[in-house]
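> Pasting a structure here, questions to come.
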Amino acid sequence: MLRDLKGSIVAVVLLTAVLGLGLPALFTGFSQLAFSSQANGSLIKVNGKVVGSRLVAQSFAKPQYFHPRPSATAPPYNGGATTFANLGPTSPDLAKAVKDQAAEILELEAPYNPGLTIHQIPVDAVTTSGSGVDPDISPAYAQLQSKRIAAVRRLPLTTVQRLVHQNTDGRSLGFLGEPGVNVLELNLALDKETQK
Amino acid sequence: MTGQGIGQVLLYCVLLVALAYPLGLWMARVYSVPRLRLGRLENGFLRLVGGRREQTWKSYAKTVLIFSGVFFFVVYGFQRLQAHLFLNPDHLGAVPSHIALNTSASFLTNTNWQYYGGEYTMSYLTQMGALAVQQFVSAAVGMAVLAAVVRGLSRRSASELGNFWSDLYRSMFYILLPLTLILAVILVSQGVPQTFSGHATAKTLEGVAQTIARGPVALMVAIKQLGTNGGGFFNSNSAVPFENPNGLTNLLEMLSILLIPAAQVFMFGKMVLQRRHAWMVFTAMFAMFAIGLAIALPSEQHGSQVLRASGVNITQGHGQSGGNMADKEVRFGIANTAVWATATTDASNGSVNGGHDALTASGGAVPLVNIFVGEVIFGGVGSGLYGMFFYILIAVFVAGLMVGRTPEYLGKKIEAREMKFAAVGALFVPTMALALTAISIVTHSGLASVYNGGAHGFTEALYAYTSQSNNNGSAFAGYGATSFSAYFGSIAMLFGRFVPLLAALAIGGSLAAKKTSPVSAGTFRTDGPTFVVLLVGVVLLTAGLMVFPALTLGPIVEGLTH
């Protein structure tokens with residue numbers, strides 16, 4: 001009993017030191033040297049200032065920008081407190097959230113997409129993501145928003161579509177996961193295009 | 001389903017077997033040979049903690065319990081004192097006592113239930129120095145106990161099962177650590193952070209300040225996936241791009257969920273020299289995995305009642321994966337989230353890459369049943385296979401009754417003593433899960449945790465106590481933390497871990513002492529398809545029937561609701 005207790009205390013101290021401090025310190029050092037950008041959060045800088053991370057969605061409300069998926073974090077797109085919405089498949093709250101979100105999208109996009117109905121809104125546009133900071137939208141949702149962007153920015157639709165295509169992360173290695181359009185990178189590319 | 005989605009599922013299955021088999025053979029070697037490479041380090045460790053004497057099952061169990069007890073206080077201490085310690089760049093305060101207690105029980109027992117959001121509750125020191133250490137240690141404890149039980153099955157007329165410290169050390173440094181490092185390097189390269197700097201602040205394109213939490217994430221994510229832990233750095237776990245940035249990392253993290261538990265089946269076959277039997281056990285597990293997936297995947301693709309009624313486009317194709325995208329991420333879509341939800345609850349991993357609370361009725365029932373059958377469909381590292389031994393013994397016993405002979409397993413006579421322990425091992429946890437769920441839905445303090453209304457709210461409670469009792473750790477995450485739910489959950493996790501663990505060791509000790517009798521014409525063969533059918537039947541009838549009445553109150557009612 002006493003022997004086990006003594007052994008356990010020694011083991012706990014040793015393991016905490018080796019696996020809890022030594023290992024993370026070494027591995028962090030390695031990561032900082034080998035993969036500095038990724039290890040620090042894939043931050044994007046414009047003119048030396050951090051404007052966001054390519055892996056964290058941020059809020060876009062203005063009409064000249066592509067909009068991300070809804071977010072359940074407080075406030076929305078809080079990269080410091082990720083969360084699911086946790087609404088069940090028959091939840092009245094979910095029904096209301098989807099309805100409101102769809103109405104908002106219809107009001108925003110219909111002027112640029114004549115004849116647009118709710119049946120053309122892709123499901124990712126009206127549902128919260130798992131993290132609350134999903135950096136991607138589906139290519140279908142990007143397609144829906146493209147006409148508005150082209151009109152508001154007075155760009156040819158083909159230019160917008162080209163930028164969407166360039167900022168679509170395909171499947172990893174060509175077949176893993178699903179394609180997604182990175183909203184922040186796309187909007188940055190648009191700003192750059194408009195400044196030309 | 002598109003061919004592309006099915007292709008990803010098939011690739012996953014093929015890779016799993018291709019990687020698990022050689023790993024299993026390596027693990028059999030790790031636990032069998034007296035001296036491995038770098039054995040000096042092991043000897044040094046053993047000298048410091050108390051030698052490498054072989055232990056009886058009782059002595060082995062005693063060491064496990066004392067070692068776990070000491071670690072419990074350390075994990076609790078880190079959380080309560082983190083505000084005064086280093087590596088706390090975001091100046092987080094002490095974790096409240098009931099949360100700290102629940103979290104200590106949770107990580108000690110390989111559960112990783114999380115009544116907190118990691119990035120805004122735990123300092124970097126707590127995450128890596130206490131929680132991630134437990135992710136190594138609790139996994140290694142489970143693996144060590146399995147090694148001991150398997151030795152019990154393979155030895156004859158012996159009283160000892162091996163040395164705990166040696167098994168612990170080898171599990172950690174010859175299996176878990178190398179795999180963790182490989183995975184962690186790949187994760188960092190793909191965008192999972194590993195830094196001691198505090199959160200970043202961005203000024204967004206529309207001029208708003210945005211907080212971006214980060215930290216020493218990659219290493220913790222790697223071990224949480226490989227050690228069937230599941231406790232993420234961030235609240236939304238592997239749904240967060242910083243834990244799981246793309247399709248490649250998602251595949252590797254999903255493979256890691258089942259890799260070691262699957263490999264242990266092959267390890268077992270090698271150690272007891274019964275490879276065909278091991279393949280049958282593997283087949284039974286794989287069959288149950290496939291059944292779950294075959295239900296969950298189409299349900300999620302079909303979509304929830306609310307989404308179907310809303311009128312939005314949930315059809316797959318034309319630039320979207322469609323289906324029930326609520327609380328799911330675009331880069332994973334439906335197929336990858338359904339596979340993950342199935343795998344993570346077959347293994348007692350409990351990490352998620354999408355929200356389980358938002359799953360459809362049948363899509364959510366699959367994880368629930370997977371957990372309820374006792375985490376034996378591959379199951380936790382170590383605990384999955386030693387849990388499966390309970391069912392195997394019951395299956396062999398049932399077969400023995402049918403042919404009217406004393407049941408035998410691997411040449412050892414199965415008698416009253418072993419059957420008692422097997423019954424306790426198989427039935428204690430589900431009984432406790434149902435009892436705790438019942439208490440939690442008839443008391444006001446219990447009901448305070450429920451988030452969604454109606455049948456779904458009941459499922460939240462059932463899932464919470466099923467997950468904690470079986471040491472899974474995934475959640476219908478709307479279910480909230482109160483003192484009541486935190487304390488009850490701690491009880492569930494501790495008893496759910498140590499009762500089956502002790503029962504398994506007792507069986508190992510008891511079987512080790514027996515002689516091995518040769519196979520005769522009357523022996524029930526455990527290396528053929530009949531055994532697979534019997535084993536799956538026993539698992540589904542024993543635990544499946546226990547959970548069925550509860551399912552009718554939760555997911556089944558919900559599925560019938562419009």
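Convention: chains lettered A, B, ... in structure tokens order; per-chain residue numbering from 1; ligands numbered from 1 as shown.
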Neighbours of Leu188 in chain A within 10 Å (only C-alpha atoms; same-chain residues fewer than 2 positions away dropped), as a PyMOL selection string?

(chain A and resi 44+46+51+65+183-186+190-194) or (chain B and resi 205)

> Find the spatial neighbours of Gln305 in chain B, counting only C-alpha atoms, within a cut-off of 7 Å - ignore same-chain residues fewer than 3 positions away - and output them as number ranges by chain.

A: 89-90; B: 308-309, 562

> If I take CA of Ala338 in chain B and CA of Glu460 in chain B, how far is one from the other in Å, to one decimal?

18.6 Å

> Show which residues sit within 12 Å of Thr342 in chain B, as number ranges by chain. Count only C-alpha atoms, and ignore same-chain residues fewer than 5 positions away.

B: 9, 254, 257-258, 286, 288-297, 300, 335-337, 347-354, 356, 359, 362-371, 375, 377-379, 474

> Would you put the residues from that selection into a file with N, CA and C atoms, as a short mmCIF file (atom, residue, chain, number, x, y, z; two decimals), in the first residue's frame?


```
data_model
loop_
_atom_site.label_atom_id
_atom_site.label_comp_id
_atom_site.auth_asym_id
_atom_site.auth_seq_id
_atom_site.Cartn_x
_atom_site.Cartn_y
_atom_site.Cartn_z
N VAL B 9 -16.09 6.54 -47.37
CA VAL B 9 -16.39 5.60 -46.29
C VAL B 9 -15.59 4.32 -46.47
N MET B 254 -10.22 10.69 -37.75
CA MET B 254 -11.22 9.62 -37.68
C MET B 254 -10.56 8.25 -37.59
N ILE B 257 -9.36 7.48 -34.14
CA ILE B 257 -10.39 7.12 -33.16
C ILE B 257 -10.42 5.60 -32.95
N LEU B 258 -10.42 4.86 -34.07
CA LEU B 258 -10.59 3.41 -33.96
C LEU B 258 -9.28 2.64 -34.06
N PHE B 286 -16.89 -5.00 -36.34
CA PHE B 286 -17.03 -4.26 -37.58
C PHE B 286 -18.47 -4.31 -38.09
N MET B 288 -21.18 -4.45 -36.32
CA MET B 288 -22.01 -3.51 -35.55
C MET B 288 -21.71 -2.06 -35.93
N PHE B 289 -20.44 -1.78 -36.23
CA PHE B 289 -20.07 -0.45 -36.73
C PHE B 289 -20.81 -0.16 -38.03
N ALA B 290 -20.81 -1.16 -38.94
CA ALA B 290 -21.43 -0.96 -40.25
C ALA B 290 -22.94 -0.77 -40.13
N ILE B 291 -23.58 -1.53 -39.23
CA ILE B 291 -25.02 -1.39 -39.04
C ILE B 291 -25.34 0.05 -38.60
N GLY B 292 -24.58 0.54 -37.63
CA GLY B 292 -24.81 1.90 -37.12
C GLY B 292 -24.66 2.92 -38.23
N LEU B 293 -23.59 2.77 -39.00
CA LEU B 293 -23.34 3.73 -40.06
C LEU B 293 -24.43 3.68 -41.11
N ALA B 294 -24.91 2.48 -41.41
CA ALA B 294 -25.94 2.32 -42.43
C ALA B 294 -27.26 2.97 -42.01
N ILE B 295 -27.43 3.21 -40.71
CA ILE B 295 -28.63 3.92 -40.25
C ILE B 295 -28.36 5.42 -40.17
N ALA B 296 -27.21 5.77 -39.58
CA ALA B 296 -26.93 7.19 -39.31
C ALA B 296 -26.75 7.99 -40.60
N LEU B 297 -26.00 7.43 -41.54
CA LEU B 297 -25.65 8.22 -42.72
C LEU B 297 -26.88 8.62 -43.55
N GLU B 300 -29.05 11.33 -41.75
CA GLU B 300 -28.55 12.70 -41.79
C GLU B 300 -28.69 13.30 -43.18
N ALA B 335 -21.42 12.99 -45.08
CA ALA B 335 -20.79 11.66 -44.98
C ALA B 335 -19.73 11.64 -43.88
N ASN B 336 -18.84 12.62 -43.90
CA ASN B 336 -17.73 12.60 -42.94
C ASN B 336 -18.19 12.86 -41.51
N THR B 337 -19.29 13.58 -41.35
CA THR B 337 -19.79 13.81 -40.00
C THR B 337 -20.50 12.58 -39.47
N ALA B 347 -16.03 3.54 -30.50
CA ALA B 347 -14.91 3.68 -29.57
C ALA B 347 -15.39 4.61 -28.48
N SER B 348 -14.81 4.51 -27.29
CA SER B 348 -15.28 5.44 -26.25
C SER B 348 -14.54 6.75 -26.39
N ASN B 349 -14.46 7.25 -27.63
CA ASN B 349 -13.69 8.48 -27.86
C ASN B 349 -14.49 9.70 -27.41
N GLY B 350 -15.57 9.97 -28.12
CA GLY B 350 -16.42 11.07 -27.69
C GLY B 350 -16.06 12.43 -28.26
N SER B 351 -14.99 12.49 -29.07
CA SER B 351 -14.76 13.74 -29.79
C SER B 351 -15.83 13.86 -30.86
N VAL B 352 -16.10 15.07 -31.32
CA VAL B 352 -17.12 15.24 -32.36
C VAL B 352 -16.60 16.21 -33.41
N ASN B 353 -17.08 16.08 -34.65
CA ASN B 353 -16.77 17.10 -35.66
C ASN B 353 -18.05 17.78 -36.14
N GLY B 354 -19.11 17.60 -35.34
CA GLY B 354 -20.37 18.28 -35.58
C GLY B 354 -21.22 18.09 -34.33
N HIS B 356 -23.91 16.80 -31.84
CA HIS B 356 -24.81 15.65 -31.75
C HIS B 356 -26.23 16.03 -31.36
N LEU B 359 -28.44 16.26 -34.33
CA LEU B 359 -28.62 15.11 -35.21
C LEU B 359 -30.10 14.78 -35.34
N SER B 362 -33.08 9.41 -35.72
CA SER B 362 -32.37 8.12 -35.85
C SER B 362 -30.87 8.33 -35.97
N GLY B 363 -30.45 9.46 -36.56
CA GLY B 363 -29.03 9.76 -36.61
C GLY B 363 -28.44 9.93 -35.22
N GLY B 364 -29.25 10.39 -34.27
CA GLY B 364 -28.78 10.55 -32.89
C GLY B 364 -28.97 9.29 -32.06
N ALA B 365 -29.91 8.43 -32.48
CA ALA B 365 -30.12 7.19 -31.73
C ALA B 365 -28.95 6.24 -31.91
N VAL B 366 -28.30 6.29 -33.08
CA VAL B 366 -27.17 5.40 -33.35
C VAL B 366 -26.02 5.63 -32.35
N PRO B 367 -25.54 6.87 -32.21
CA PRO B 367 -24.50 7.10 -31.21
C PRO B 367 -24.94 6.66 -29.81
N LEU B 368 -26.19 6.94 -29.47
CA LEU B 368 -26.70 6.60 -28.14
C LEU B 368 -26.63 5.09 -27.89
N VAL B 369 -27.11 4.32 -28.86
CA VAL B 369 -27.09 2.86 -28.70
C VAL B 369 -25.65 2.34 -28.72
N ASN B 370 -24.83 2.90 -29.62
CA ASN B 370 -23.42 2.50 -29.66
C ASN B 370 -22.79 2.61 -28.27
N ILE B 371 -23.05 3.72 -27.61
CA ILE B 371 -22.45 3.92 -26.29
C ILE B 371 -23.09 2.98 -25.28
N GLU B 375 -19.61 0.34 -24.95
CA GLU B 375 -18.34 0.71 -25.57
C GLU B 375 -17.52 -0.54 -25.87
N ILE B 377 -17.92 -1.94 -29.24
CA ILE B 377 -17.78 -2.01 -30.69
C ILE B 377 -16.45 -1.32 -30.97
N PHE B 378 -15.38 -2.05 -30.82
CA PHE B 378 -14.01 -1.55 -30.74
C PHE B 378 -13.79 -0.93 -29.36
N GLY B 379 -14.60 0.04 -28.99
CA GLY B 379 -14.55 0.54 -27.62
C GLY B 379 -13.33 1.37 -27.30
N SER B 474 -18.92 12.10 -25.39
CA SER B 474 -19.64 12.97 -26.31
C SER B 474 -20.96 13.35 -25.65
#
```

> Taking only residues of chain A that have an atom at most 6 Å from an atom of chain B, what is each one's shortest atom pair and its distance in Å to one decimal, using only C-alpha atoms, in chain and number order, as CSV?


```
residue,atom,partner,partner_atom,distance
A:Asp4,CA,B:Thr63,CA,5.8
A:Gly7,CA,B:Val49,CA,3.9
A:Ser8,CA,B:Phe67,CA,4.8
A:Leu19,CA,B:Val133,CA,5.9
A:Gly20,CA,B:Gly129,CA,3.9
A:Thr28,CA,B:Gln194,CA,5.5
A:Gln38,CA,B:Gly191,CA,4.4
A:Ala39,CA,B:Pro193,CA,3.9
A:Asn40,CA,B:Pro193,CA,5.4
A:Gly41,CA,B:Pro193,CA,5.2
A:Val50,CA,B:Ala202,CA,5.0
A:Val51,CA,B:Thr204,CA,4.8
A:Gly52,CA,B:Ala202,CA,5.1
A:Leu55,CA,B:Pro241,CA,5.7
A:Gly79,CA,B:Ile212,CA,4.4
A:Gly80,CA,B:Ala213,CA,4.6
A:Thr82,CA,B:Ser236,CA,5.6
A:Thr83,CA,B:Ser236,CA,5.2
A:Phe84,CA,B:Asp327,CA,5.6
A:Asn86,CA,B:Asp357,CA,5.0
A:Leu87,CA,B:Ala358,CA,5.4
A:Gly88,CA,B:Ala358,CA,4.6
A:Pro89,CA,B:Ser304,CA,5.0
A:Thr90,CA,B:Val306,CA,5.6
A:Ala95,CA,B:Val306,CA,5.6
A:Ile118,CA,B:Val312,CA,5.3
A:His119,CA,B:Val312,CA,4.7
A:Gln120,CA,B:Asn313,CA,5.8
A:Ile121,CA,B:Val312,CA,5.4
A:Pro122,CA,B:Asn313,CA,4.9
A:Val123,CA,B:Ile314,CA,5.4
A:Asp124,CA,B:Met325,CA,5.9
A:Thr127,CA,B:Ala326,CA,4.9
A:Thr128,CA,B:Asp327,CA,5.5
A:Ser129,CA,B:Asp327,CA,4.4
A:Gly130,CA,B:Asp327,CA,3.8
A:Ser131,CA,B:Val240,CA,4.9
A:Ser138,CA,B:Gln320,CA,5.4
A:Pro139,CA,B:Gly319,CA,4.8
A:Ala140,CA,B:Gly319,CA,4.5
A:Ser172,CA,B:Gly247,CA,5.2
A:Leu176,CA,B:Gly247,CA,4.7
A:Gly177,CA,B:Gly247,CA,4.1
A:Glu178,CA,B:Arg331,CA,4.8
A:Pro179,CA,B:Arg331,CA,5.9
A:Gly180,CA,B:Arg331,CA,5.6
```

> Using only C-alpha atoms, which protein or nucleic acid residues come within 9 Å of Asn471 in chain B? Drop anything in the same chain fewer than 3 positions from it, and give the result as a list in words.

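With the cut-off at 9 Å, the set is Ser106, Thr109, Asn110, Thr111, Asn112, Trp113, Asn229, Ser348, Asn349, Gly350, Ile371, Glu375, Gly380, Thr466, Ser467, Gln468, Ala492, Met493, Leu494, Gly496 and Arg497 of chain B.
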
> Please return, as a count of residues only, all residues of chain A that DSSP assigns to strand (DSSP E or B) on the basis of the backbone.

20
